file my_file.cif (mmCIF, C-alpha atoms and all ligand atoms)
data_final
loop_
_atom_site.label_atom_id
_atom_site.label_comp_id
_atom_site.auth_asym_id
_atom_site.auth_seq_id
_atom_site.Cartn_x
_atom_site.Cartn_y
_atom_site.Cartn_z
CA MET A 1 58.48 28.40 74.68
CA ALA A 2 54.99 27.24 73.62
CA ARG A 3 53.11 29.81 71.55
CA LEU A 4 49.75 30.98 72.92
CA ASN A 5 47.95 30.39 69.65
CA PRO A 6 49.39 27.47 67.66
CA TYR A 7 47.63 28.65 64.47
CA LYS A 8 49.27 32.11 64.47
CA PRO A 9 50.85 33.43 62.35
CA PHE A 10 48.90 31.89 59.49
CA THR A 11 50.39 31.45 56.05
CA PRO A 12 47.92 30.27 53.39
CA ARG A 13 48.98 27.46 51.09
CA PRO A 14 50.22 28.89 47.76
CA GLU A 15 48.05 26.51 45.72
CA GLN A 16 44.96 28.01 47.40
CA MET A 17 46.14 31.60 46.93
CA ALA A 18 46.67 30.92 43.22
CA LEU A 19 42.86 30.55 42.99
CA LYS A 20 42.09 33.94 44.53
CA PRO A 21 40.06 36.15 42.16
CA ASP A 22 40.99 39.78 41.40
CA VAL A 23 37.88 41.10 43.15
CA SER A 24 37.82 41.37 46.97
CA GLY A 25 35.04 39.53 48.83
CA ASN A 26 34.71 42.64 50.99
CA ALA A 27 33.81 44.66 47.88
CA ILE A 28 31.17 42.03 46.94
CA ASN A 29 29.78 42.32 50.48
CA GLY A 30 29.60 46.12 50.20
CA LEU A 31 32.18 47.04 52.87
CA GLY A 32 32.32 50.84 53.07
CA GLU A 33 29.11 51.31 51.03
CA THR A 34 26.81 53.79 52.76
CA ALA A 35 23.67 53.15 50.66
CA GLN A 36 21.44 50.20 51.54
CA ARG A 37 21.27 47.41 48.99
CA ARG A 38 20.63 43.70 49.02
CA ALA A 39 23.51 41.28 49.63
CA ARG A 40 25.19 39.49 46.72
CA MET A 41 26.09 35.84 46.97
CA VAL A 42 29.76 35.79 47.95
CA TYR A 43 30.37 32.10 48.79
CA TRP A 44 28.69 28.68 49.09
CA ALA A 45 27.07 29.07 45.69
CA PRO A 46 25.08 26.02 44.50
CA ASP A 47 27.06 26.43 41.25
CA PRO A 48 30.57 27.70 42.12
CA ASP A 49 31.08 28.84 38.52
CA THR A 50 28.60 31.67 39.18
CA ILE A 51 30.72 33.44 41.86
CA ALA A 52 34.14 35.09 41.82
CA HIS A 53 35.46 32.84 44.62
CA GLY A 54 34.12 29.67 43.00
CA ARG A 55 37.55 28.14 42.46
CA MET A 56 38.34 28.67 46.17
CA GLN A 57 34.98 27.09 47.05
CA ARG A 58 35.91 23.98 45.01
CA TRP A 59 39.34 23.91 46.71
CA PHE A 60 37.69 23.71 50.18
CA TYR A 61 36.79 20.08 49.40
CA LEU A 62 40.35 19.29 48.26
CA ALA A 63 42.19 20.75 51.27
CA ASP A 64 41.93 17.53 53.36
CA PRO A 65 39.87 15.05 51.32
CA ASP A 66 40.68 12.05 53.55
CA CYS A 67 39.53 13.49 56.90
CA ARG A 68 37.69 10.50 58.40
CA GLU A 69 35.34 12.45 60.71
CA VAL A 70 34.32 14.93 58.02
CA ASN A 71 33.63 12.20 55.47
CA ALA A 72 31.56 10.20 57.98
CA ALA A 73 29.56 13.34 58.88
CA ARG A 74 28.85 14.03 55.19
CA LYS A 75 27.51 10.49 54.77
CA HIS A 76 25.34 10.87 57.89
CA ARG A 77 23.95 14.18 56.56
CA ALA A 78 23.18 12.65 53.16
CA ARG A 79 21.17 9.91 54.90
CA LEU A 80 19.19 12.47 56.93
CA LEU A 81 18.42 14.43 53.79
CA GLU A 82 16.86 11.49 52.00
CA GLU A 83 13.66 12.78 53.64
CA GLN A 84 11.95 15.00 51.06
CA ILE A 85 9.42 17.82 51.49
CA GLY A 86 5.80 16.59 51.20
CA PRO A 87 2.99 17.70 48.86
CA LEU A 88 0.76 20.79 49.13
CA ALA A 89 -2.78 19.93 50.29
CA ALA A 90 -5.67 21.51 48.39
CA ASP A 91 -7.49 22.97 51.43
CA LYS A 92 -5.98 25.51 53.81
CA VAL A 93 -6.33 24.79 57.53
CA GLN A 94 -7.50 27.98 59.29
CA ARG A 95 -6.29 29.02 62.78
CA SER A 96 -5.68 32.29 64.60
CA PRO A 97 -2.00 33.45 64.54
CA GLU A 98 -1.55 32.43 68.21
CA GLU A 99 -3.09 29.00 67.55
CA TRP A 100 -0.69 28.59 64.62
CA LEU A 101 2.30 29.40 66.82
CA ASP A 102 1.14 26.96 69.50
CA ALA A 103 0.54 24.23 66.92
CA LEU A 104 3.98 24.87 65.36
CA ARG A 105 5.69 24.62 68.75
CA ARG A 106 3.84 21.41 69.58
CA HIS A 107 4.75 19.90 66.22
CA ALA A 108 8.39 20.92 66.75
CA ASP A 109 8.46 19.36 70.24
CA ASP A 110 7.10 16.10 68.82
CA SER A 111 8.99 15.64 65.59
CA VAL A 112 11.46 18.40 64.65
CA PRO A 113 15.09 18.06 65.83
CA CYS A 114 15.73 21.76 66.54
CA GLU A 115 16.38 23.69 69.74
CA ARG A 116 14.81 27.08 68.96
CA ILE A 117 12.03 28.48 66.76
CA GLY A 118 11.22 32.09 65.93
CA VAL A 119 8.78 33.67 63.49
CA THR A 120 8.85 37.08 61.85
CA THR A 121 7.70 39.01 58.77
CA LEU A 122 9.78 38.24 55.69
CA ASP A 123 11.55 41.49 54.79
CA PRO A 124 12.32 41.34 51.04
CA ASP A 125 15.64 43.11 51.74
CA TRP A 126 16.86 39.88 53.39
CA LEU A 127 16.66 38.13 50.02
CA TYR A 128 19.84 38.12 47.93
CA GLU A 129 20.04 40.33 44.88
CA GLY A 130 18.07 38.73 42.04
CA GLU A 131 15.87 36.61 44.35
CA GLU A 132 12.14 37.34 44.56
CA ARG A 133 9.65 35.66 46.88
CA SER A 134 6.18 36.82 47.94
CA PHE A 135 5.94 34.85 51.22
CA ALA A 136 4.59 36.87 54.16
CA ASN A 137 6.50 35.18 56.99
CA VAL A 138 9.68 33.35 57.84
CA VAL A 139 10.07 30.67 60.49
CA VAL A 140 13.67 30.59 61.77
CA LEU A 141 15.19 27.49 63.39
CA ALA A 142 18.37 26.96 65.41
CA VAL A 143 20.22 23.74 66.20
CA HIS A 144 22.88 23.71 68.88
CA HIS A 145 26.41 22.36 68.21
CA ASP A 146 27.84 19.88 70.68
CA SER A 147 30.11 22.08 72.84
CA ASP A 148 32.83 19.44 73.32
CA GLU A 149 33.16 18.86 69.57
CA ILE A 150 33.18 22.58 68.65
CA ALA A 151 35.81 23.21 71.33
CA LEU A 152 38.20 21.22 69.09
CA ALA A 153 38.03 23.85 66.31
CA PRO A 154 39.72 24.13 63.84
CA GLN A 155 40.30 20.36 63.81
CA GLY A 156 38.31 18.00 61.61
CA ARG A 157 36.07 16.89 64.50
CA ALA A 158 34.67 20.42 64.83
CA GLY A 159 34.13 20.60 61.06
CA ALA A 160 32.33 17.26 61.25
CA GLU A 161 30.05 18.58 64.02
CA VAL A 162 29.18 21.60 61.85
CA ILE A 163 28.24 19.22 59.00
CA ARG A 164 26.11 17.08 61.35
CA GLN A 165 24.24 20.15 62.59
CA TYR A 166 23.74 21.41 59.03
CA GLY A 167 21.98 18.07 58.52
CA ARG A 168 19.72 18.51 61.58
CA ALA A 169 18.98 22.14 60.63
CA ALA A 170 18.00 21.13 57.09
CA LEU A 171 15.90 18.20 58.26
CA SER A 172 14.10 20.50 60.75
CA ALA A 173 13.27 23.02 58.02
CA ARG A 174 12.07 20.29 55.67
CA ARG A 175 9.81 18.77 58.33
CA ILE A 176 8.23 22.15 59.11
CA ALA A 177 7.75 22.83 55.38
CA THR A 178 6.10 19.40 55.01
CA TRP A 179 3.84 20.09 58.01
CA LEU A 180 2.74 23.49 56.62
CA ARG A 181 2.19 22.14 53.11
CA ALA A 182 0.13 19.22 54.45
CA GLN A 183 -2.19 21.92 55.89
CA GLY A 184 -2.51 23.68 52.54
CA TRP A 185 0.01 26.50 53.14
CA GLU A 186 2.86 27.02 50.64
CA ALA A 187 6.30 26.78 52.30
CA GLU A 188 9.93 26.82 51.09
CA ALA A 189 12.81 25.54 53.21
CA VAL A 190 16.09 27.52 53.30
CA THR A 191 18.90 25.23 54.34
CA GLY A 192 22.69 25.27 54.25
CA PRO A 193 25.49 24.82 53.73
CA MET A 194 24.79 26.47 50.34
CA THR A 195 23.76 30.13 50.56
CA GLY A 196 20.13 29.78 49.37
CA PRO A 197 17.85 32.73 48.58
CA LEU A 198 17.84 34.31 52.05
CA LEU A 199 20.24 35.76 54.61
CA LEU A 200 19.57 33.88 57.86
CA ILE A 201 21.01 36.14 60.58
CA PRO A 202 18.72 39.19 60.06
CA PRO A 203 15.44 37.18 60.41
CA ALA A 204 16.93 35.33 63.40
CA ILE A 205 17.63 38.70 65.08
CA ALA A 206 14.14 40.00 64.22
CA SER A 207 12.49 36.88 65.66
CA GLY A 208 14.26 37.19 69.03
CA PHE A 209 17.27 34.85 68.89
CA GLY A 210 19.79 37.44 70.07
CA GLU A 211 22.26 39.97 68.72
CA LEU A 212 25.08 40.05 66.16
CA GLY A 213 28.45 39.41 67.85
CA LYS A 214 31.83 40.95 67.09
CA HIS A 215 32.74 37.69 65.32
CA GLY A 216 29.95 38.22 62.76
CA SER A 217 27.79 35.37 64.08
CA LEU A 218 24.61 35.76 66.05
CA ILE A 219 24.83 35.33 69.83
CA ASP A 220 21.88 33.75 71.61
CA PRO A 221 22.13 34.01 75.42
CA GLU A 222 21.42 30.29 75.82
CA PHE A 223 23.55 28.78 73.06
CA GLY A 224 26.13 31.50 72.65
CA ALA A 225 27.23 31.65 69.02
CA SER A 226 27.56 27.89 68.67
CA PHE A 227 24.50 26.97 66.64
CA ARG A 228 23.34 26.73 63.06
CA LEU A 229 20.32 28.31 61.45
CA SER A 230 17.80 27.28 58.83
CA ALA A 231 14.43 28.76 57.85
CA VAL A 232 11.08 28.18 56.20
CA MET A 233 9.39 30.92 54.17
CA THR A 234 5.60 30.60 54.26
CA ASP A 235 2.27 32.37 53.92
CA ALA A 236 0.80 30.63 56.96
CA PRO A 237 -0.34 33.46 59.29
CA ILE A 238 1.75 32.41 62.32
CA ALA A 239 2.08 34.87 65.24
CA HIS A 240 5.49 36.55 65.43
CA THR A 241 8.02 36.11 68.22
CA PRO A 242 9.44 39.45 69.44
CA LYS A 243 12.97 40.77 68.94
CA ARG A 244 15.04 40.65 72.16
CA GLU A 245 18.11 42.62 73.18
CA TYR A 246 20.45 41.59 75.96
CA GLY A 247 23.29 44.12 75.86
CA ILE A 248 25.47 41.65 73.94
CA ASP A 249 26.49 44.41 71.56
CA ASP A 250 28.03 46.43 74.43
CA PHE A 251 29.62 43.29 75.84
CA CYS A 252 31.32 42.58 72.48
CA ALA A 253 32.64 46.14 72.29
CA SER A 254 34.87 45.49 75.31
CA CYS A 255 35.57 41.76 74.85
CA ARG A 256 38.56 40.81 72.68
CA VAL A 257 38.50 37.01 72.96
CA CYS A 258 37.46 36.15 69.37
CA GLU A 259 39.54 38.98 67.92
CA GLN A 260 42.69 37.63 69.56
CA ALA A 261 41.93 33.97 68.84
CA CYS A 262 41.32 34.45 65.10
CA PRO A 263 44.49 33.17 63.37
CA PRO A 264 44.16 35.30 60.20
CA GLU A 265 43.13 38.38 62.25
CA ALA A 266 39.89 38.77 60.32
CA ILE A 267 37.88 40.11 63.30
CA SER A 268 37.98 43.84 63.82
CA PRO A 269 37.80 45.75 67.14
CA ASP A 270 35.43 48.24 65.51
CA LYS A 271 32.16 48.20 63.62
CA HIS A 272 32.08 48.98 59.90
CA THR A 273 29.53 50.36 57.49
CA VAL A 274 28.37 47.62 55.13
CA ARG A 275 25.57 48.24 52.60
CA GLY A 276 24.29 51.14 54.69
CA GLU A 277 24.33 49.32 58.09
CA THR A 278 26.95 49.99 60.77
CA LYS A 279 27.68 46.58 62.32
CA TRP A 280 30.36 44.09 63.27
CA TYR A 281 32.00 42.81 60.11
CA VAL A 282 34.45 39.96 59.50
CA ASP A 283 37.06 40.52 56.79
CA PHE A 284 36.12 37.96 54.15
CA ASP A 285 39.49 38.03 52.35
CA LYS A 286 41.38 37.29 55.59
CA CYS A 287 38.87 34.74 56.97
CA LEU A 288 38.37 32.58 53.88
CA PRO A 289 41.87 31.12 53.31
CA PHE A 290 42.12 29.88 56.92
CA PHE A 291 38.50 28.68 56.87
CA ASN A 292 39.18 26.70 53.67
CA GLN A 293 42.36 25.18 54.98
CA HIS A 294 40.94 24.13 58.38
CA HIS A 295 37.62 22.31 57.88
CA GLY A 296 35.55 25.52 58.12
CA CYS A 297 37.49 26.80 61.18
CA ALA A 298 34.79 27.79 63.78
CA ILE A 299 37.40 29.06 66.30
CA CYS A 300 35.50 32.35 66.77
CA ILE A 301 32.25 30.67 67.79
CA ALA A 302 34.08 28.10 69.95
CA VAL A 303 36.03 30.62 72.05
CA CYS A 304 33.18 33.15 72.39
CA PRO A 305 32.52 33.47 76.15
CA TRP A 306 28.78 33.18 75.43
CA SER A 307 29.31 29.73 73.86
CA LEU A 308 30.88 28.14 76.95
CA PRO A 309 28.40 25.70 78.54
CA GLY A 310 26.28 27.34 81.26
CA VAL A 311 27.89 30.78 80.86
CA GLY A 312 25.41 32.56 78.53
CA PRO A 313 22.32 32.66 80.80
CA ASN A 314 24.42 34.00 83.73
CA LEU A 315 26.03 36.66 81.57
CA ALA A 316 22.60 37.71 80.24
CA GLN A 317 21.26 38.07 83.82
CA LYS A 318 24.29 40.09 84.85
CA LEU A 319 23.88 42.43 81.88
CA ALA A 320 20.14 42.77 82.59
CA ARG A 321 20.89 43.75 86.24
CA ARG A 322 23.49 46.25 85.07
CA ARG A 323 21.01 47.77 82.61
CA ALA A 324 18.32 47.99 85.30
CA ARG A 325 20.74 49.95 87.53
CA ALA A 326 21.78 52.36 84.74
C1 LIG B 401 28.79 32.92 52.90
C2 LIG B 401 28.84 32.52 54.35
C3 LIG B 401 30.09 32.47 54.96
C4 LIG B 401 31.37 32.93 54.27
C5 LIG B 401 31.48 34.44 54.22
C6 LIG B 401 30.98 35.20 55.43
C7 LIG B 401 31.21 36.70 55.31
N1 LIG B 401 31.24 37.36 56.44
O1 LIG B 401 31.39 37.27 54.29
C8 LIG B 401 32.47 32.21 55.09
C9 LIG B 401 32.76 30.90 54.40
C10 LIG B 401 33.77 32.97 55.28
C11 LIG B 401 31.71 31.98 56.40
C12 LIG B 401 32.33 31.77 57.58
C13 LIG B 401 31.65 31.52 58.76
N2 LIG B 401 30.35 31.22 58.90
CO1 LIG B 401 29.05 31.55 57.51
N3 LIG B 401 27.67 31.77 56.29
C14 LIG B 401 27.67 32.18 55.07
C15 LIG B 401 26.22 32.18 54.52
C16 LIG B 401 26.02 30.94 53.66
C17 LIG B 401 25.84 33.45 53.74
C18 LIG B 401 26.21 34.76 54.46
C19 LIG B 401 26.65 35.84 53.51
O2 LIG B 401 26.18 35.92 52.38
N4 LIG B 401 27.61 36.68 53.97
C20 LIG B 401 28.14 37.73 53.13
C21 LIG B 401 27.61 39.13 53.55
C22 LIG B 401 26.09 39.20 53.39
O3 LIG B 401 28.04 39.31 54.87
P1 LIG B 401 27.74 40.58 55.81
O4 LIG B 401 27.25 41.73 55.10
O5 LIG B 401 28.95 40.72 56.67
O6 LIG B 401 26.50 40.06 56.72
C23 LIG B 401 26.72 39.04 57.69
C24 LIG B 401 26.17 39.43 59.04
O7 LIG B 401 26.46 40.74 59.36
C25 LIG B 401 24.68 39.19 58.88
N5 LIG B 401 23.93 40.31 58.35
C26 LIG B 401 23.63 40.54 57.07
N6 LIG B 401 22.87 41.63 56.94
C27 LIG B 401 22.73 42.13 58.19
C28 LIG B 401 22.02 43.24 58.60
C29 LIG B 401 22.03 43.57 59.97
C30 LIG B 401 21.28 44.76 60.43
C31 LIG B 401 22.74 42.76 60.89
C32 LIG B 401 22.77 43.11 62.37
C33 LIG B 401 23.44 41.62 60.45
C34 LIG B 401 23.40 41.32 59.10
O8 LIG B 401 24.63 38.10 57.95
C35 LIG B 401 25.85 37.87 57.30
C36 LIG B 401 26.45 36.53 57.75
O9 LIG B 401 27.72 36.29 57.13
C37 LIG B 401 25.40 32.13 55.86
C38 LIG B 401 24.02 31.45 55.74
C39 LIG B 401 22.99 32.44 55.25
N7 LIG B 401 22.25 32.09 54.20
O10 LIG B 401 22.83 33.52 55.77
C40 LIG B 401 26.37 31.39 56.79
C41 LIG B 401 26.33 31.70 58.28
C42 LIG B 401 26.18 33.19 58.48
N8 LIG B 401 27.65 31.28 58.74
C43 LIG B 401 27.66 30.82 59.94
C44 LIG B 401 28.84 30.49 60.67
C45 LIG B 401 28.61 29.93 62.07
C46 LIG B 401 30.12 30.68 60.15
C47 LIG B 401 31.48 30.38 60.78
C48 LIG B 401 31.60 30.52 62.30
C49 LIG B 401 32.04 29.01 60.30
C50 LIG B 401 31.61 27.77 60.98
N9 LIG B 401 32.38 26.74 60.83
O11 LIG B 401 30.58 27.68 61.63
C51 LIG B 401 32.36 31.43 60.08
C52 LIG B 401 32.35 32.81 60.77
C53 LIG B 401 32.92 33.91 59.88
C54 LIG B 401 32.03 35.15 59.76
N10 LIG B 401 31.31 35.53 60.79
O12 LIG B 401 32.03 35.80 58.75
C55 LIG B 401 26.24 30.68 60.51
C56 LIG B 401 25.97 31.71 61.59
C57 LIG B 401 25.20 31.12 62.77
C58 LIG B 401 25.16 32.12 63.90
N11 LIG B 401 25.36 31.70 65.10
O13 LIG B 401 24.98 33.29 63.67
C59 LIG B 401 25.37 30.85 59.19
C60 LIG B 401 24.02 31.52 59.41
C61 LIG B 401 25.19 29.43 58.61
C62 LIG B 401 24.08 28.62 59.25
N12 LIG B 401 23.21 28.04 58.44
O14 LIG B 401 23.97 28.49 60.43
N13 LIG B 401 30.36 32.01 56.21
#

call {"tool": "encode", "arguments": {"input": "my_file.cif", "output": "structure tokens"}}
result
Amino acid sequence: MARLNPYKPFTPRPEQMALKPDVSGNAINGLGETAQRRARMVYWAPDPDTIAHGRMQRWFYLADPDCREVNAARKHRARLLEEQIGPLAADKVQRSPEEWLDALRRHADDSVPCERIGVTTLDPDWLYEGEERSFANVVVLAVHHDSDEIALAPQGRAGAEVIRQYGRAALSARRIATWLRAQGWEAEAVTGPMTGPLLLIPPAIASGFGELGKHGSLIDPEFGASFRLSAVMTDAPIAHTPKREYGIDDFCASCRVCEQACPPEAISPDKHTVRGETKWYVDFDKCLPFFNQHHGCAICIAVCPWSLPGVGPNLAQKLARRRARA
């Protein structure tokens, strides 16, 4: 009889497990810690030798080095990223915050390949431990994955789509940084796949993209969880976009789709306290070996009901009606 989930049960390859450090990634992330503190870089370090899981990070690139789609996507991304950030002009262009937001949106419509923009105050607690920045604001950008490609997760084609969108997200952030700098305002792009100085999900939530899902990724009612984020830290006084709540958190509490689809069973039915916040949390130690062995996985964002084309906006309306009746 055919098994419901062909990736379950999952047994990690011994050569990968031999690289596992003594420290748990969950301990690095502060699972069970009730006091607030900044996050520590746990993975995707620019220099893998600086993190405990660095040998596993290097192994990610060795798991399937000949995957044609992934290699082609990496080449495509490298070409996109030949575009560098431009110089800082001497004089600062002055506009009201609302005029700045309008101008940013118009610039994005004309020449930035992203699907959503938000702006919020930069909370220093979103910076990783050891990182200091004095920027006032953060512009957050989202790029949507192609649904058909992500539906193939955890195959190489889905991994390739993630790499392509990392390229678009990074190019978008660089173009906005160039645009701000050309108007005299200092700006720093935060782009993946490496961790960078800033956590991306908290500013995306604060600037109105959506809510954290049970699978540990942000859910936006339009794109579901199937998008990538990048950001630009800046002092330009751009008006902020408001935080929005849709009842996704309640929806996740009773939905079990991602939990059941996750081959290493890294998604929990309950919230956990992590660095003083009670939130959905994905078990890093369970997630990582499967992620490494399957082109970055992405099953959880692919199966999320919110990610299915056309479903998110209807679900959001239904939840809004239910909340209005309550
Ligand atoms: C390291 C990392 C990983 C690691 C470890 C993740 C982990 N949970 O420990 C690994 C390699 C396992 C991983 C896997 C995945 N990742 Co990842 N990852 C990152 C990265 C580079 C840093 C995040 C981090 O340091 N996590 C460790 C600690 C801080 O985790 P945490 O305490 O559980 O906090 C998480 C969330 O709760 C949230 N968060 C942090 N503080 C707070 C506070 C509040 C109040 C709330 C509500 C949320 C929140 O942010 C963290 C995201 O992992 C970010 C990019 C970035 N700079 O933010 C992308 C990022 C979070 N990943 C992303 C994605 C999509 C994935 C995958 C689905 C893989 C894929 N192919 O796409 C899986 C999902 C697994 C998961 N949810 O954990 C996207 C999320 C986009 C979205 N829709 O929200 C990001 C933003 C990358 C991007 N540029 O788009 N990832």

call {"tool": "closest_atom_pairs", "arguments": {"input": "my_file.cif", "of": "segment 185-221 of chain A", "to": "segment 49-73 of chain A", "cutoff": "12 Å", "atoms": "all atoms listed in the file", "output": "CSV"}}
result
residue,atom,partner,partner_atom,distance
A:Pro193,CA,A:Gln57,CA,11.8
A:Met194,CA,A:Gln57,CA,10.7
A:Thr195,CA,A:Ile51,CA,11.6

call {"tool": "write_last_selection", "arguments": {"input": "my_file.cif", "atoms": "C-alpha atoms", "output": "mmCIF file, in the frame of the given file"}}
result
data_model
loop_
_atom_site.group_PDB
_atom_site.id
_atom_site.type_symbol
_atom_site.label_atom_id
_atom_site.label_comp_id
_atom_site.auth_asym_id
_atom_site.auth_seq_id
_atom_site.Cartn_x
_atom_site.Cartn_y
_atom_site.Cartn_z
ATOM 1 C CA PRO A 193 25.490 24.820 53.730
ATOM 2 C CA MET A 194 24.790 26.470 50.340
ATOM 3 C CA THR A 195 23.760 30.130 50.560
#

call {"tool": "residues_around", "arguments": {"input": "my_file.cif", "residues": "Asp249 of chain A", "least_positions_apart": "5", "cutoff": "9 Å", "atoms": "all atoms listed in the file", "output": "VMD selection string"}}
result
chain A and resid 211 to 214

call {"tool": "write_last_selection", "arguments": {"input": "my_file.cif", "atoms": "C-alpha atoms", "output": "compact mmCIF listing (two decimals), keeping the file's coordinate frame"}}
result
# COMPACT_ATOMS: atom_id res chain seq x y z
CA GLU A 211 22.26 39.97 68.72
CA LEU A 212 25.08 40.05 66.16
CA GLY A 213 28.45 39.41 67.85
CA LYS A 214 31.83 40.95 67.09

call {"tool": "residues_around", "arguments": {"input": "my_file.cif", "residues": "segment 272-278 of chain A", "least_positions_apart": "4", "cutoff": "6 Å", "atoms": "all atoms listed in the file", "output": "count of residues only"}}
result
8

call {"tool": "closest_residue", "arguments": {"input": "my_file.cif", "among": "A:Cys304, A:Cys287, A:Val119, A:Ile238", "to": "Cys252 of chain A", "atoms": "only C-alpha atoms"}}
result
A:Cys304

call {"tool": "atom_distance", "arguments": {"input": "my_file.cif", "atom1": "atom CA of Ile117 of chain A", "atom2": "atom CA of Arg105 of chain A"}}
result
7.7 Å

call {"tool": "closest_residue", "arguments": {"input": "my_file.cif", "among": "A:Arg13, A:His215, A:Arg106, A:His240", "to": "Ala136 of chain A", "atoms": "only C-alpha atoms"}}
result
A:His240

call {"tool": "closest_residue", "arguments": {"input": "my_file.cif", "among": "A:Asp220, A:Glu265, A:Glu161, A:Asp148", "to": "His295 of chain A", "atoms": "all atoms listed in the file"}}
result
A:Glu161

call {"tool": "residues_around", "arguments": {"input": "my_file.cif", "residues": "Val190 of chain A", "least_positions_apart": "6", "cutoff": "8 Å", "atoms": "only C-alpha atoms", "output": "NGL selection string"}}
result
:A and (170 or 173 or 196-198 or 230-233)

call {"tool": "atom_distance", "arguments": {"input": "my_file.cif", "atom1": "atom C57 of ligand LIG 401 (chain B)", "atom2": "atom CA of Glu222 of chain A"}}
result
13.6 Å

call {"tool": "atom_distance", "arguments": {"input": "my_file.cif", "atom1": "atom CA of Gln16 of chain A", "atom2": "atom CA of Leu288 of chain A"}}
result
10.3 Å

call {"tool": "closest_residue", "arguments": {"input": "my_file.cif", "among": "A:Pro237, A:Pro48, A:Pro12, A:Gly296", "to": "ligand LIG 401 (chain B)", "atoms": "all atoms listed in the file"}}
result
A:Gly296

call {"tool": "residues_around", "arguments": {"input": "my_file.cif", "residues": "Pro313 of chain A", "least_positions_apart": "3", "cutoff": "8 Å", "atoms": "all atoms listed in the file", "output": "ChimeraX atom specification"}}
result
/A:221-222,310,316-317

call {"tool": "residues_around", "arguments": {"input": "my_file.cif", "residues": "Ala160 of chain A", "least_positions_apart": "2", "cutoff": "12 Å", "atoms": "all atoms listed in the file", "output": "ChimeraX atom specification"}}
result
/A:67-77,145-146,149-150,152-158,162-167,294-298

call {"tool": "closest_residue", "arguments": {"input": "my_file.cif", "among": "A:Ser226, A:Asn5, A:Gln183, A:Gln260", "to": "ligand LIG 401 (chain B)", "atoms": "all atoms listed in the file"}}
result
A:Ser226

call {"tool": "closest_residue", "arguments": {"input": "my_file.cif", "among": "A:Ala320, A:Cys255, A:Leu218, A:Leu19", "to": "Ile301 of chain A", "atoms": "all atoms listed in the file"}}
result
A:Leu218

call {"tool": "axis_aligned_box", "arguments": {"input": "my_file.cif", "around": "segment 276-293 of chain A", "padding_each_side": "4 Å", "output": "JSON"}}
result
{"center_x": 33.3, "center_y": 38.2, "center_z": 57.8, "size_x": 26.1, "size_y": 34.0, "size_z": 18.9}
